[in-house]
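Data first, discussion second: the structure below is written as structure tokens.
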Amino acid sequence: MTAPRQEPERERRGEERPRRESRHAAREAAVQMLYQWEIGKLSMLEVMSTYWTPGLTHDEPVSDELREFAVALTNGVAASIERIDPLIVEAAQHWRIERMAVTDRIILRLAVYEFLDQPETPARVIINEALELARTFSSDDAVRFINGILDGIRRTLQRE
């Protein structure tokens, strides 16, 4: 009996989407740039030029595909705060958004932006990515907090 033929990964997912690892790395980059934007009160142009300076923040060269996805996420979140924050506030009962930990707030904003503007990405993928980001950049309590809020927003938006 022969094993089923494995298609190359690129053929299964299509050429236009970055690999999952790249998409996760792009989300990590977006969190870092949004943190710099929020805490440093820098313009997005300053954040982008600083973040993508070779040798300053990256040990390895970054593909154009990764950079484009990270920049799209970052600019999308920054331009959509007025749409995103009310959804977070509504789902986070008894929590004012400005009282949330900065990193948690940024991860929530990124995920909600993807819920709203990345319909091709399944909600469970968005939530799982947000939880991984919380594990990397925040705490175990934040993972539970973010999971609860995102699940509530997912239900409100009727995203599957």
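Quick note on naming: the chains in the structure tokens go A, B, ... in the order shown, residues restart at 1 in each chain, and ligands are numbered from 1 in order of appearance.
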
If DSSP is run on the backbone, what residues of range 24-148 of chain A are alpha helix (DSSP H)? A reply as a ChimeraX atom specification would be ideal. /A:24-40,44-51,64-79,81-91,102-117,123-137,140-148

Need to verify the contact set: range 139-148 of chain A, 7 Å, only C-alpha atoms, exclusion of same-chain residues closer than 3 positions in sequence. Can you return it as a PyMOL selection string? chain A and resi 104+108+127+131+134-135+151-152

Kindly save the residues from that selection, with N, CA and C atoms included, as a PDB file, in the first residue's frame.
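Everything below was put into again_28.pdb:
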```
ATOM      1  N   ASP A 104      -2.492  43.788  26.460  1.00  0.00           N
ATOM      2  CA  ASP A 104      -3.772  43.081  26.303  1.00  0.00           C
ATOM      3  C   ASP A 104      -4.710  43.866  25.397  1.00  0.00           C
ATOM      4  N   LEU A 108      -6.208  42.589  21.821  1.00  0.00           N
ATOM      5  CA  LEU A 108      -7.656  42.605  21.572  1.00  0.00           C
ATOM      6  C   LEU A 108      -7.986  43.421  20.329  1.00  0.00           C
ATOM      7  N   ILE A 127      -8.794  33.949  17.192  1.00  0.00           N
ATOM      8  CA  ILE A 127      -8.752  33.808  18.653  1.00  0.00           C
ATOM      9  C   ILE A 127      -7.518  33.033  19.078  1.00  0.00           C
ATOM     10  N   LEU A 131      -4.514  34.373  21.510  1.00  0.00           N
ATOM     11  CA  LEU A 131      -4.110  33.686  22.744  1.00  0.00           C
ATOM     12  C   LEU A 131      -2.618  33.383  22.729  1.00  0.00           C
ATOM     13  N   ALA A 134      -0.893  36.565  23.517  1.00  0.00           N
ATOM     14  CA  ALA A 134      -0.990  36.837  24.958  1.00  0.00           C
ATOM     15  C   ALA A 134       0.011  35.977  25.733  1.00  0.00           C
ATOM     16  N   ARG A 135       0.176  34.728  25.329  1.00  0.00           N
ATOM     17  CA  ARG A 135       1.163  33.866  25.999  1.00  0.00           C
ATOM     18  C   ARG A 135       2.579  34.411  25.816  1.00  0.00           C
ATOM     19  N   ASP A 151     -14.347  35.819  22.582  1.00  0.00           N
ATOM     20  CA  ASP A 151     -15.462  34.911  22.326  1.00  0.00           C
ATOM     21  C   ASP A 151     -16.785  35.675  22.337  1.00  0.00           C
ATOM     22  N   GLY A 152     -16.916  36.620  23.262  1.00  0.00           N
ATOM     23  CA  GLY A 152     -18.125  37.445  23.305  1.00  0.00           C
ATOM     24  C   GLY A 152     -18.277  38.303  22.053  1.00  0.00           C
TER      25      GLY A 152
END
```

Selection near Ile84 in chain A, 8 Å with only C-alpha atoms, sequence-local residues under 4 positions removed, as number ranges by chain: A: 77, 80, 88, 109, 112-113

All residues 12 Å or closer to Tyr35 in chain A, only C-alpha atoms, same chain fewer than 2 positions away omitted, as an MDAnalysis selection string: chainID A and resid 28:33 37:44 47:48 51 74 77:78 101:107 109:110 137

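Between CA of Pro119 in chain A and CA of Gly76 in chain A lies a distance of 13.8 Å.
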